[in-house]
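Report on the structure given below.
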Amino acid sequence: MSYEGKMLEDLAMPTRKDVEHALLKTLFNHNGVIKEFATGEEIVTEIANDFNLDEKQRTVVLERIYRKENRIVKTALWHRLLYRAADSLAKDKLVSRPTTTILLTKKKEWMLTENGYDEALKLLNIPKAQKEFLSTKSFEVQKIVKKLKETVRPDNYDPIDKNKKFIKTTRDAVLRTRGFRQAVIEAYDYKCAVCGMKLNSPNSSFWEVEAAHIVPHSSMGKDDIWNGLSLCRLHHWAFDVGWFTLLDDYTVKASSKLNHLPKGYGQMGEYNFSRQLTDNSSKLFLPKRKEMFPHVNSIRWHREKFFIEQNRGER
Ligand SMILES: [Zn+2]
């Protein structure tokens, strides 16, 4: 047995497999990314805490002699074990290495891949069906998000994809949907564009807002940020059924049918659904960068092809 192997055994350190599992779970709980391990890094302590490591296990140093160079390299054993586990996960393509992730995010981080994501879900007993709504990042989805954010906004944008495939089950289509969702809600800082509400789940895994298509998926609307809006569930529904649309200057235009709703409809305590849409002639909460604003061609489609149709007989 190697000197290192004997040390690991003598100190009853966790097995590499156990550390790999702990890493996957920790990655998942840190939004899919953790910084490259450096000494004094919080994450190193956090995982040590998960294993209840004692002071010696955390601090013991392994000395390796490099005969050729005639020098001794000292590394904390725990630190080395963590690195080895991460390295093994990278070899199995369950995480991307900091040297690869940096090309995507400009940060030296370990990041979950889709396969690693699935492993983490299994370890945490989270049904795979929830993946679509989770905010945890994966390398493949972040690649799509980056592309969506960096594509140059065309002046003459056609929000309709005539070749759009409706089968949602292909891997690419599923990734694309998640990329769209993440890019849109990130662009709006996780707020509803209409009411500004921002809310996540107590475990921080889910955001309340959804990424709405302006030209809907069913009408072959494209998955671009310019055809998206971040909306809370109430306003997503209201937009999709035609209670409101948008003017070219991003003002909310509410249906005049709201004036004829029976008394008590849309009332929740002090909050009134109609009043919020009609009184509040203020503009949408929009992304910081103008290139990410909804495209006027998407907005016009919603107003002219959809809203008018849903509001026939409007007085
Ligand atoms: Zn809202």
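If you're wondering about the labels, chains in the structure tokens are A, B, ... by order shown, residues count from 1 in each chain, ligands from 1 in order shown.
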
Residue list (helix (DSSP H, G or I), DSSP) for range 179-266 of chain A, as JSON, numbers by chain: {"A": [179, 180, 181, 182, 183, 184, 185, 186, 187, 217, 218, 219, 225, 226, 227, 233, 234, 235, 236, 237, 238, 239, 240, 241, 256, 257, 258, 259, 260]}

Contacts of Asp224 in chain A at 9 Å (only C-alpha atoms; same-chain gap of 3+ positions) as number ranges by chain: A: 148-149, 159, 180, 183-184, 213, 221, 227-228

Based on the selection just made, write N, CA and C atoms of those residues as a compact mmCIF listing (two decimals), in the first residue's frame.
# COMPACT_ATOMS: atom_id res chain seq x y z
N LEU A 148 -27.45 32.33 -26.01
CA LEU A 148 -28.66 33.17 -26.08
C LEU A 148 -28.35 34.61 -25.69
N LYS A 149 -27.47 34.76 -24.70
CA LYS A 149 -27.15 36.11 -24.23
C LYS A 149 -26.25 36.86 -25.19
N PRO A 159 -40.02 36.40 -34.89
CA PRO A 159 -40.14 35.60 -33.67
C PRO A 159 -40.68 34.19 -33.90
N PHE A 180 -33.40 28.53 -22.32
CA PHE A 180 -34.28 29.67 -22.53
C PHE A 180 -34.81 30.18 -21.19
N ALA A 183 -31.98 31.80 -19.14
CA ALA A 183 -31.50 33.07 -19.71
C ALA A 183 -32.51 34.18 -19.46
N VAL A 184 -33.80 33.86 -19.63
CA VAL A 184 -34.84 34.89 -19.48
C VAL A 184 -34.97 35.33 -18.02
N HIS A 213 -43.12 32.74 -23.16
CA HIS A 213 -42.88 33.09 -24.56
C HIS A 213 -43.88 34.19 -24.93
N GLY A 221 -43.33 30.05 -31.56
CA GLY A 221 -42.49 31.15 -31.07
C GLY A 221 -41.09 30.65 -30.77
N ASN A 227 -37.92 37.02 -27.36
CA ASN A 227 -39.29 36.53 -27.42
C ASN A 227 -39.72 36.02 -26.05
N GLY A 228 -39.05 36.47 -25.01
CA GLY A 228 -39.35 35.99 -23.67
C GLY A 228 -39.67 37.11 -22.71

Sorted by chain and rising residue number, which residues of chain A lie within 9 Å of ligand 1, and what are their closest atom pairs and distances in Å to one decimal, counting only C-alpha atoms and all ligand atoms, as CSV?
residue,atom,partner,partner_atom_place_in_ligand_line,distance
A:Lys191,CA,ligand 1,1 (Zn),8.0
A:Cys192,CA,ligand 1,1 (Zn),4.7
A:Ala193,CA,ligand 1,1 (Zn),6.7
A:Val194,CA,ligand 1,1 (Zn),5.0
A:Cys195,CA,ligand 1,1 (Zn),4.1
A:Gly196,CA,ligand 1,1 (Zn),6.1
A:Met197,CA,ligand 1,1 (Zn),5.9
A:Lys198,CA,ligand 1,1 (Zn),8.8
A:Val209,CA,ligand 1,1 (Zn),8.1
A:Ser230,CA,ligand 1,1 (Zn),8.8
A:Leu231,CA,ligand 1,1 (Zn),5.6
A:Cys232,CA,ligand 1,1 (Zn),4.3
A:Arg233,CA,ligand 1,1 (Zn),6.9
A:Leu234,CA,ligand 1,1 (Zn),6.0
A:His235,CA,ligand 1,1 (Zn),4.7
A:His236,CA,ligand 1,1 (Zn),7.5

Contact residues around Leu62 in chain A with only C-alpha atoms at 8 Å, ignoring same-chain residues under 5 positions, as a ChimeraX atom specification: /A:4,74-77

Picked from range 85-275 of chain A by DSSP as strand (DSSP E or B), as a PyMOL selection string: chain A and resi 95-96+109-112+134+160+200+206-207+210-213+221+228-231+244-246+251-254+267-268+271-272

Write to file, as a short mmCIF file (atom, residue, chain, number, x, y, z; two decimals), in the first residue's frame, the residues of the selection just made, with C-alpha atoms.
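That gives us part17.cif:
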data_model
loop_
_atom_site.label_atom_id
_atom_site.label_comp_id
_atom_site.auth_asym_id
_atom_site.auth_seq_id
_atom_site.Cartn_x
_atom_site.Cartn_y
_atom_site.Cartn_z
CA VAL A 95 -18.25 17.63 -13.70
CA SER A 96 -16.33 20.04 -15.88
CA GLU A 109 -14.92 26.56 -11.09
CA TRP A 110 -15.97 22.94 -11.03
CA MET A 111 -19.39 22.73 -12.65
CA LEU A 112 -21.94 19.92 -12.87
CA LEU A 134 -34.66 23.84 -10.87
CA ILE A 160 -41.63 32.59 -35.44
CA ASN A 200 -37.72 31.62 -4.34
CA PHE A 206 -36.77 27.05 -7.38
CA TRP A 207 -37.75 30.53 -8.50
CA GLU A 210 -41.45 31.58 -15.15
CA ALA A 211 -40.04 32.33 -18.58
CA ALA A 212 -43.02 33.14 -20.78
CA HIS A 213 -42.88 33.09 -24.56
CA GLY A 221 -42.49 31.15 -31.07
CA GLY A 228 -39.35 35.99 -23.67
CA LEU A 229 -40.66 37.68 -20.55
CA SER A 230 -40.08 36.76 -16.94
CA LEU A 231 -43.50 36.61 -15.31
CA PHE A 244 -53.06 42.22 -21.09
CA THR A 245 -50.58 42.85 -23.85
CA LEU A 246 -47.73 45.29 -24.43
CA THR A 251 -46.34 49.88 -21.43
CA VAL A 252 -48.86 47.35 -20.19
CA LYS A 253 -52.11 47.54 -22.15
CA ALA A 254 -54.88 45.86 -20.20
CA GLN A 267 -59.50 40.45 -5.33
CA MET A 268 -57.02 39.14 -2.79
CA TYR A 271 -54.65 43.45 -3.87
CA ASN A 272 -56.82 43.87 -6.94
#

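Take the candidates A:Glu291, A:Phe133, A:Lys305, A:Val19 and check each one against Asp155 in chain A using only C-alpha atoms; the shortest distance goes to A:Glu291.
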
May I have a table of the residues of range 158-258 of chain A lying at most 10 Å from range 27-49 of chain A, giving each one's closest pair of atoms and their distance in Å to one decimal, counting only C-alpha atoms, ordered by chain and ascending residue number, as CSV?
residue,atom,partner,partner_atom,distance
A:Asn203,CA,A:Asn29,CA,8.8
A:Ser204,CA,A:Asn29,CA,8.7
A:Ser205,CA,A:Asn31,CA,7.9

Selection: 12 Å around His295 in chain A, only C-alpha atoms, excl. self and same-chain fewer than 5 positions, as a list in words: Arg153, Pro154, Asp155, Asn156, Tyr157, Asp158, Pro159, His213, Ile214, Val215, Lys222, Asp224, Ile225, Trp226, Asn227, Gly228, Leu229, Leu246, Leu247, Asp248, Asp249, Tyr250, Leu286, Lys290, Arg300, Trp301 and His302 of chain A

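The nearest approach to Phe306 in chain A among the residues A:Pro294, A:Pro216, A:Gly269, A:Gly264, with only C-alpha atoms taken into account, belongs to A:Pro216.
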
Straight-line distance linking CA of Arg176 in chain A with CA of Ile144 in chain A, stated in Å to one decimal: 6.8 Å

For Lys25 in chain A, the nearest of the candidates A:Gly242, A:Gly116, A:Pro127, A:Pro202, counting only C-alpha atoms: A:Gly116

Polymer residues at most 8 Å from Ala86 in chain A, only C-alpha atoms, same-chain spacing of 4 or more positions, as a PyMOL selection string: chain A and resi 20+23+82+90+95
